[in-house]
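What follows is the content of target14.txt, which has compact mmCIF, C-alpha atoms:
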# COMPACT_ATOMS: atom_id res chain seq x y z
CA MET J 42 -54.43 -25.06 29.29
CA ARG J 43 -51.66 -25.22 31.82
CA THR J 44 -50.15 -28.08 29.84
CA ILE J 45 -50.29 -26.08 26.60
CA ALA J 46 -48.67 -23.11 28.30
CA ARG J 47 -45.91 -25.31 29.63
CA LEU J 48 -45.36 -26.82 26.19
CA THR J 49 -45.20 -23.38 24.59
CA LEU J 50 -42.74 -22.10 27.16
CA GLY J 51 -40.76 -25.26 26.76
CA ALA J 52 -40.49 -24.82 23.01
CA ALA J 53 -39.56 -21.16 23.39
CA GLY J 54 -36.98 -22.04 26.01
CA THR J 55 -35.43 -24.66 23.79
CA GLY J 56 -35.27 -22.16 20.93
CA ALA J 57 -33.61 -19.61 23.16
CA LEU J 58 -31.07 -22.16 24.29
CA LEU J 59 -30.31 -23.13 20.70
CA TRP J 60 -29.89 -19.45 19.80
CA LEU J 61 -27.58 -18.90 22.74
CA ALA J 62 -25.58 -21.97 21.77
CA SER J 63 -25.14 -20.80 18.17
CA ALA J 64 -24.32 -17.24 19.28
CA ALA J 65 -21.62 -18.64 21.51
CA LEU J 66 -19.92 -20.05 18.40
CA ALA J 67 -19.48 -16.58 16.95
CA GLY J 68 -17.32 -13.72 18.10
CA PRO J 69 -13.73 -12.86 18.92
CA GLU J 70 -13.46 -15.57 21.58
CA GLN J 71 -13.21 -18.08 18.73
CA VAL J 72 -9.80 -16.66 17.88
CA GLY J 73 -6.92 -17.38 20.24
CA TYR J 74 -3.79 -15.31 20.74
CA PRO J 75 -1.16 -16.71 18.36
CA ASP J 76 1.71 -17.03 20.85
CA ARG J 77 4.38 -17.85 18.32
CA TYR J 78 3.54 -15.27 15.66
CA ALA J 79 6.59 -13.06 16.23
CA THR J 80 9.02 -15.93 15.78
CA GLY J 81 7.08 -18.69 14.05
CA PHE J 82 5.06 -16.71 11.50
CA VAL J 83 6.30 -15.08 8.31
CA ARG J 84 6.37 -11.30 8.24
CA TYR J 85 5.24 -10.47 4.73
CA LEU J 86 4.51 -6.74 4.74
CA THR J 87 5.15 -3.48 6.58
CA VAL J 88 2.74 -0.56 6.30
CA ASP J 89 3.39 2.98 7.54
CA ARG J 90 0.45 4.75 9.16
CA PRO J 91 1.79 8.33 9.42
CA ASP J 92 -1.45 9.91 10.66
CA ARG J 93 -1.14 7.78 13.81
CA ASN J 94 2.69 7.57 13.94
CA VAL J 95 2.37 3.81 13.76
CA VAL J 96 4.19 1.15 11.75
CA ARG J 97 2.22 -2.02 11.11
CA PHE J 98 3.87 -5.44 10.73
CA PHE J 99 1.84 -8.10 8.93
CA TYR J 100 2.39 -11.80 9.65
CA VAL J 101 0.94 -15.06 8.33
CA ASN J 102 1.29 -18.59 9.65
CA PRO J 103 3.71 -20.57 7.45
CA GLU J 104 1.22 -23.36 6.75
CA ALA J 105 -1.17 -20.88 5.12
CA LEU J 106 1.60 -19.21 3.17
CA GLU J 107 2.71 -22.55 1.80
CA THR J 108 -0.72 -23.76 0.72
CA ALA J 109 -2.28 -20.47 -0.43
CA THR J 110 -2.92 -20.46 -4.17
CA PRO J 111 -2.90 -17.23 -6.24
CA GLY J 112 -6.38 -16.09 -7.18
CA GLU J 113 -8.16 -18.60 -4.94
CA ASP J 114 -9.79 -18.21 -1.54
CA LEU J 115 -7.32 -18.63 1.29
CA PRO J 116 -7.10 -22.01 3.04
CA TYR J 117 -8.84 -22.90 6.29
CA GLY J 118 -6.44 -22.38 9.15
CA THR J 119 -5.09 -19.10 7.78
CA VAL J 120 -4.09 -16.78 10.64
CA LEU J 121 -3.17 -13.20 9.82
CA VAL J 122 -1.69 -10.83 12.39
CA MET J 123 -1.42 -7.05 12.20
CA GLU J 124 0.96 -5.79 14.88
CA ASP J 125 1.09 -2.04 15.62
CA HIS J 126 4.44 -0.54 16.59
CA LYS J 127 4.96 3.03 17.75
CA ALA J 128 7.14 4.97 15.32
CA ARG J 129 10.37 6.62 16.45
CA MET J 130 9.66 10.31 17.08
CA VAL J 131 11.67 13.53 16.82
CA THR J 132 9.11 15.45 18.87
CA SER J 133 5.75 14.38 20.25
CA GLU J 134 4.20 15.12 16.86
CA GLN J 135 6.99 14.61 14.32
CA ALA J 136 8.20 11.15 13.40
CA VAL J 137 11.73 10.23 12.30
CA ARG J 138 12.05 9.20 8.64
CA ASP J 139 14.71 7.00 7.08
CA ALA J 140 16.55 7.74 3.82
CA GLN J 141 13.58 6.45 1.80
CA GLY J 142 11.15 8.60 3.74
CA ARG J 143 9.67 5.71 5.68
CA LEU J 144 8.76 5.63 9.36
CA ILE J 145 11.10 3.80 11.71
CA PRO J 146 9.37 1.33 14.04
CA THR J 147 10.28 1.07 17.71
CA ASP J 148 10.01 -2.19 19.65
CA GLU J 149 6.97 -0.83 21.49
CA VAL J 150 3.91 -2.78 20.39
CA THR J 151 0.54 -1.19 21.09
CA ASN J 152 -2.00 -3.59 19.59
CA VAL J 153 -2.17 -7.02 18.01
CA PHE J 154 -5.06 -7.63 15.63
CA VAL J 155 -5.78 -11.14 14.42
CA MET J 156 -8.07 -12.54 11.72
CA GLU J 157 -8.52 -16.26 11.39
CA LYS J 158 -10.36 -18.47 8.93
CA ARG J 159 -11.91 -21.72 10.12
CA GLU J 160 -14.59 -23.91 8.60
CA GLY J 161 -17.92 -22.88 10.09
CA PHE J 162 -16.82 -19.50 11.39
CA GLY J 163 -19.29 -16.74 10.67
CA GLU J 164 -22.36 -18.89 10.05
CA GLU J 165 -24.27 -16.99 12.73
CA TYR J 166 -23.77 -13.56 11.17
CA PRO J 167 -26.30 -11.93 8.82
CA PRO J 168 -25.20 -11.66 5.19
CA GLU J 169 -24.75 -7.90 5.40
CA LYS J 170 -22.10 -8.43 8.10
CA ARG J 171 -20.58 -11.83 7.43
CA ASN J 172 -17.02 -12.05 6.10
CA ALA J 173 -17.30 -15.64 4.84
CA GLU J 174 -15.57 -17.82 7.45
CA TRP J 175 -13.38 -15.18 9.05
CA GLU J 176 -13.41 -13.99 12.65
CA TYR J 177 -11.50 -11.11 14.22
CA ALA J 178 -9.86 -10.57 17.59
CA TRP J 179 -7.99 -7.70 19.22
CA PHE J 180 -5.24 -8.30 21.77
CA LEU J 181 -2.97 -6.15 23.89
CA PRO J 182 0.81 -6.71 23.75
CA ASP J 183 0.70 -9.02 26.80
CA GLY J 184 -1.67 -11.34 24.96
CA SER J 185 -4.81 -10.36 26.88
CA ARG J 186 -7.94 -9.43 25.00
CA LYS J 187 -8.79 -5.77 24.65
CA ALA J 188 -11.77 -5.48 26.95
CA ASP J 189 -13.81 -2.83 25.13
CA ALA J 190 -12.97 -3.93 21.59
CA GLU J 191 -15.56 -3.40 18.88
CA PHE J 192 -15.48 -5.46 15.69
CA ASP J 193 -18.23 -4.01 13.52
CA GLY J 194 -15.63 -1.78 11.88
CA CYS J 195 -13.46 -4.80 11.03
CA PHE J 196 -16.35 -6.63 9.39
CA ALA J 197 -17.62 -3.55 7.54
CA CYS J 198 -14.26 -2.53 6.14
CA HIS J 199 -13.10 -6.01 5.14
CA LEU J 200 -16.49 -6.71 3.52
CA ASN J 201 -15.52 -4.54 0.55
CA ARG J 202 -12.58 -6.87 -0.14
CA ALA J 203 -14.85 -9.90 -0.64
CA GLY J 204 -13.17 -10.42 -4.01
CA ARG J 205 -9.88 -11.01 -2.18
CA ASP J 206 -11.31 -13.33 0.43
CA PHE J 207 -11.86 -10.35 2.75
CA THR J 208 -8.17 -9.50 3.15
CA PHE J 209 -6.54 -6.19 2.26
CA THR J 210 -3.01 -7.47 1.96
CA PHE J 211 -2.40 -11.22 2.10
CA TYR J 212 -4.49 -12.29 -0.91
CA LYS J 213 -2.68 -9.66 -2.97
CA TYR J 214 0.66 -10.74 -1.54
CA VAL J 215 0.04 -14.33 -2.68
CA LEU J 216 -1.01 -13.06 -6.10
CA ASP J 217 2.08 -10.85 -6.44
CA GLU J 218 4.60 -13.37 -5.09
CA LYS J 219 3.24 -16.64 -6.46
CA GLY J 220 1.08 -15.57 -9.38
CA MET Z 118 31.80 20.60 -32.69
CA ARG Z 119 32.03 17.18 -31.08
CA GLY Z 120 33.72 18.75 -28.04
CA ILE Z 121 30.98 21.33 -27.69
CA THR Z 122 28.26 18.66 -27.79
CA ILE Z 123 29.93 16.62 -25.08
CA CYS Z 124 30.41 19.75 -22.97
CA ALA Z 125 26.73 20.73 -23.28
CA ALA Z 126 25.62 17.22 -22.39
CA THR Z 127 27.82 17.24 -19.33
CA LEU Z 128 26.40 20.56 -18.22
CA LEU Z 129 22.83 19.34 -18.66
CA ALA Z 130 23.56 16.23 -16.63
CA ALA Z 131 24.96 18.33 -13.82
CA VAL Z 132 21.92 20.60 -13.49
CA PRO Z 133 19.77 19.40 -10.57
CA VAL Z 134 16.21 18.60 -11.56
CA ALA Z 135 13.55 19.99 -9.29
CA ALA Z 136 11.24 17.44 -7.71
CA GLU Z 137 7.85 17.37 -9.34
CA GLU Z 138 4.51 17.30 -7.60
CA HIS Z 139 1.95 15.05 -9.28
CA VAL Z 140 -1.68 15.77 -8.48
CA VAL Z 141 -4.23 12.95 -8.26
CA ARG Z 142 -7.93 13.75 -7.95
CA MET Z 143 -10.69 11.46 -6.72
CA ALA Z 144 -13.95 12.83 -8.16
CA GLY Z 145 -16.44 10.15 -9.17
CA GLN Z 146 -14.64 7.53 -7.11
CA GLN Z 147 -11.76 7.31 -9.58
CA TYR Z 148 -8.09 8.16 -9.21
CA ALA Z 149 -7.26 10.58 -12.01
CA PRO Z 150 -4.87 10.03 -13.59
CA ALA Z 151 -4.91 6.24 -13.14
CA ALA Z 152 -1.17 5.90 -13.75
CA ILE Z 153 1.85 8.02 -12.90
CA GLU Z 154 5.48 7.80 -13.98
CA ALA Z 155 7.67 9.75 -11.58
CA PHE Z 156 11.20 10.11 -10.33
CA LYS Z 157 12.60 9.48 -6.88
CA GLY Z 158 12.06 12.62 -4.81
CA ASP Z 159 8.82 13.56 -6.53
CA SER Z 160 5.59 13.63 -4.59
CA ILE Z 161 1.93 12.89 -5.18
CA ARG Z 162 -0.71 15.21 -3.80
CA PHE Z 163 -4.03 13.41 -3.39
CA VAL Z 164 -6.93 15.85 -3.62
CA ASN Z 165 -10.29 14.55 -2.51
CA ASP Z 166 -12.57 16.54 -4.79
CA ASP Z 167 -15.24 13.86 -4.47
CA GLU Z 168 -18.42 13.95 -2.41
CA THR Z 169 -17.45 11.00 -0.24
CA ALA Z 170 -14.49 10.05 1.95
CA HIS Z 171 -11.56 8.05 0.58
CA ASN Z 172 -8.48 6.36 2.06
CA VAL Z 173 -5.23 6.05 0.12
CA TYR Z 174 -3.70 2.62 0.72
CA VAL Z 175 -0.61 0.92 -0.73
CA PRO Z 176 -0.43 -2.87 -0.17
CA THR Z 177 2.68 -3.47 -2.32
CA VAL Z 178 5.65 -5.01 -0.49
CA GLY Z 179 8.34 -2.40 0.16
CA PHE Z 180 5.94 0.50 -0.29
CA GLY Z 181 3.21 -0.22 2.28
CA LEU Z 182 1.40 2.93 3.30
CA ASP Z 183 -1.96 3.92 4.78
CA LEU Z 184 -2.70 7.64 4.68
CA GLY Z 185 -5.91 7.30 6.69
CA LYS Z 186 -9.40 8.51 5.99
CA GLN Z 187 -9.55 11.57 3.78
CA GLU Z 188 -12.78 13.58 3.89
CA PRO Z 189 -14.08 15.60 0.91
CA GLY Z 190 -11.99 18.72 0.45
CA GLU Z 191 -8.94 17.30 2.24
CA GLU Z 192 -5.51 16.74 0.70
CA GLN Z 193 -2.72 14.28 1.53
CA THR Z 194 0.83 14.12 0.19
CA MET Z 195 2.93 11.04 -0.50
CA ILE Z 196 6.70 11.44 -0.95
CA LEU Z 197 8.21 9.07 -3.51
CA GLY Z 198 11.40 8.22 -1.66
CA GLN Z 199 12.37 4.99 -3.40
CA ARG Z 200 12.45 3.53 -6.88
CA GLY Z 201 10.08 0.78 -7.98
CA ALA Z 202 6.47 0.17 -8.90
CA PHE Z 203 3.47 0.00 -6.63
CA GLU Z 204 -0.30 0.16 -6.64
CA VAL Z 205 -2.48 2.59 -4.79
CA GLU Z 206 -5.93 1.47 -3.68
CA CYS Z 207 -8.74 3.03 -1.69
CA VAL Z 208 -9.63 1.21 1.53
CA LEU Z 209 -13.27 2.20 1.12
CA HIS Z 210 -13.70 1.71 -2.64
CA PRO Z 211 -11.85 -1.34 -4.03
CA HIS Z 212 -12.38 -0.32 -7.66
CA MET Z 213 -10.23 2.80 -7.21
CA LEU Z 214 -6.75 1.95 -8.46
CA LEU Z 215 -3.65 3.94 -9.34
CA ALA Z 216 -0.39 2.49 -10.73
CA VAL Z 217 2.80 4.35 -9.83
CA THR Z 218 6.25 3.81 -11.29
CA VAL Z 219 9.21 5.60 -9.72
CA GLU Z 220 12.54 5.77 -11.55
So, in terms of structure tokens, how does the structure I just supplied come out?
Amino acid sequence: MRTIARLTLGAAGTGALLWLASAALAGPEQVGYPDRYATGFVRYLTVDRPDRNVVRFFYVNPEALETATPGEDLPYGTVLVMEDHKARMVTSEQAVRDAQGRLIPTDEVTNVFVMEKREGFGEEYPPEKRNAEWEYAWFLPDGSRKADAEFDGCFACHLNRAGRDFTFTFYKYVLDEKG
Amino acid sequence: MRGITICAATLLAAVPVAAEEHVVRMAGQQYAPAAIEAFKGDSIRFVNDDETAHNVYVPTVGFGLDLGKQEPGEEQTMILGQRGAFEVECVLHPHMLLAVTVE
């Protein structure tokens, strides 16, 4: 009986270890801070976010931009960066607008969001959450990870762009520019 | 007669045209109308007369804009400050599309 109990515990322990090992393969820690994004990546889009007085710069690594094919899923190794800049303000609530009515970004970066696609990413997530082989990470301007970051919102929102390989902007950019 | 015609045309050209406000509704998870032809300086007022939240989003290069989450009953205004063509989507409902051309 003692032997059986030991065997059972042993099997359960092995299962738990396997689960822990697979869980360790998922999550934001899989995505590193892309040090060279500001100089080595291609800035392909700017989006005003007036309700937050933020201007968002969108970057992609040049290798992905070169190999991405219109209408097809994006290549492994694609790294997309969304960099939030504070907008220039007239008062604490009113932003400055340029001649076209657009916000004017300052050099002050508040957040750096990254999504990366690698073969095998996401295998541990349930289907109702999984964004194919994409993972997300949230960094502060100094490159450190945002300690209390939550990613359920990223997965949930990007899930409805499954037809564009889970991206809001880059898949469309490739379609518009290369298609 | 020819002189009068030219004079009238000149006068018409000189009269400033008031900016127009285009209204887009969202009931039934559809942008209505689905296409707008406007002039620079016009605006679009997005009225969420639907029963669910929406989020106006423009991913077109040169026109990128995110108006944020818009609850039922809320309105948001977009100023058309530059010429060109762009597409409006909804962050929450990918089938909602609006084509805008600004001259």
Could you check which of J:Ala79, J:Val122, J:Ala203, J:Val150 is closest to chain Z, using all atoms listed in the file? J:Ala203
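Every chain J residue lying within 9 Å of chain Z, based on only C-alpha atoms, is listed here: Tyr85, Leu86, Thr87, Val88, Asp89, Arg90, Pro91, Asp92, Arg93, Ala140, Gln141, Gly142, Arg143, Cys198, His199, Asn201, Arg202, Phe209, Thr210, Phe211, Lys213, Tyr214 and Asp217 of chain J.
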Which residues are near Phe156 (chain Z)? Cut-off 12 Å, all atoms listed in the file, ignore same chain within fewer than 5 positions. Put them as JSON, numbers by chain. {"Z": [134, 135, 136, 137, 138, 139, 161, 196, 197, 198, 199, 200, 201, 202, 217, 218, 219, 220]}
From (4.3, 6.0, 15.4), in the file's coordinates, out to 7 Å: which residues are reached, counting all atoms listed in the file? Answer as a list in words. Pro91, Arg93, Asn94, Val95, Val96, His126, Lys127, Ala128, Arg129 and Ala136 of chain J
Keeping only C-alpha atoms, write those residues as an mmCIF file, keeping the file's coordinate frame.
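Written out: out-v9.cif:
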data_model
loop_
_atom_site.group_PDB
_atom_site.id
_atom_site.type_symbol
_atom_site.label_atom_id
_atom_site.label_comp_id
_atom_site.auth_asym_id
_atom_site.auth_seq_id
_atom_site.Cartn_x
_atom_site.Cartn_y
_atom_site.Cartn_z
ATOM 1 C CA PRO J 91 1.790 8.330 9.420
ATOM 2 C CA ARG J 93 -1.140 7.780 13.810
ATOM 3 C CA ASN J 94 2.690 7.570 13.940
ATOM 4 C CA VAL J 95 2.370 3.810 13.760
ATOM 5 C CA VAL J 96 4.190 1.150 11.750
ATOM 6 C CA HIS J 126 4.440 -0.540 16.590
ATOM 7 C CA LYS J 127 4.960 3.030 17.750
ATOM 8 C CA ALA J 128 7.140 4.970 15.320
ATOM 9 C CA ARG J 129 10.370 6.620 16.450
ATOM 10 C CA ALA J 136 8.200 11.150 13.400
#
From the set Z:Gln147, Z:Glu191, Z:Glu154, Z:Ala216, which residue has the shortest atom-to-atom contact distance to Phe203 (chain Z), counting only C-alpha atoms? Z:Ala216
Computed gap from CA of Glu160 (chain J) to CA of Tyr117 (chain J) is 6.3 Å
Have a look at CA of Gln187 (chain Z) and CA of Ile153 (chain Z) and let me know their distance in Å, one decimal. 20.5 Å
Distance in Å - CA of Ala152 (chain Z) versus CA of Val140 (chain Z): 11.2 Å
Using only C-alpha atoms and a cutoff of 12 Å, can you tell me which residues are near (-4.1, -7.8, 15.9) in the file's coordinates, and write them out as an NGL selection string? :J and (69 or 72-76 or 78-79 or 97-101 or 120-126 or 150-157 or 176-187 or 190 or 192 or 195)
Residues from last step as file, C-alpha atoms, as a CSV table (one decimal), in the frame of the given file:
chain,number,residue,atom,x,y,z
J,69,PRO,CA,-13.7,-12.9,18.9
J,72,VAL,CA,-9.8,-16.7,17.9
J,73,GLY,CA,-6.9,-17.4,20.2
J,74,TYR,CA,-3.8,-15.3,20.7
J,75,PRO,CA,-1.2,-16.7,18.4
J,76,ASP,CA,1.7,-17.0,20.8
J,78,TYR,CA,3.5,-15.3,15.7
J,79,ALA,CA,6.6,-13.1,16.2
J,97,ARG,CA,2.2,-2.0,11.1
J,98,PHE,CA,3.9,-5.4,10.7
J,99,PHE,CA,1.8,-8.1,8.9
J,100,TYR,CA,2.4,-11.8,9.6
J,101,VAL,CA,0.9,-15.1,8.3
J,120,VAL,CA,-4.1,-16.8,10.6
J,121,LEU,CA,-3.2,-13.2,9.8
J,122,VAL,CA,-1.7,-10.8,12.4
J,123,MET,CA,-1.4,-7.0,12.2
J,124,GLU,CA,1.0,-5.8,14.9
J,125,ASP,CA,1.1,-2.0,15.6
J,126,HIS,CA,4.4,-0.5,16.6
J,150,VAL,CA,3.9,-2.8,20.4
J,151,THR,CA,0.5,-1.2,21.1
J,152,ASN,CA,-2.0,-3.6,19.6
J,153,VAL,CA,-2.2,-7.0,18.0
J,154,PHE,CA,-5.1,-7.6,15.6
J,155,VAL,CA,-5.8,-11.1,14.4
J,156,MET,CA,-8.1,-12.5,11.7
J,157,GLU,CA,-8.5,-16.3,11.4
J,176,GLU,CA,-13.4,-14.0,12.6
J,177,TYR,CA,-11.5,-11.1,14.2
J,178,ALA,CA,-9.9,-10.6,17.6
J,179,TRP,CA,-8.0,-7.7,19.2
J,180,PHE,CA,-5.2,-8.3,21.8
J,181,LEU,CA,-3.0,-6.2,23.9
J,182,PRO,CA,0.8,-6.7,23.8
J,183,ASP,CA,0.7,-9.0,26.8
J,184,GLY,CA,-1.7,-11.3,25.0
J,185,SER,CA,-4.8,-10.4,26.9
J,186,ARG,CA,-7.9,-9.4,25.0
J,187,LYS,CA,-8.8,-5.8,24.6
J,190,ALA,CA,-13.0,-3.9,21.6
J,192,PHE,CA,-15.5,-5.5,15.7
J,195,CYS,CA,-13.5,-4.8,11.0
Could you tell me which of Z:Ala149, Z:Ala144, Z:Val164, Z:Ala155 comes closest to Gly190 (chain Z) if we count only C-alpha atoms? Z:Val164
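The environment of Pro103 (chain J) within 9 Å, counting all atoms listed in the file and disregarding residues fewer than 5 places along the same chain, consists of Gly81, Phe82, Val83, Thr108 and Thr119 of chain J.
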Phe163 (chain Z) environment, 8 Å, only C-alpha atoms, sequence neighbours closer than 4 positions dropped, as a PyMOL selection string: chain Z and resi 140-143+192-195
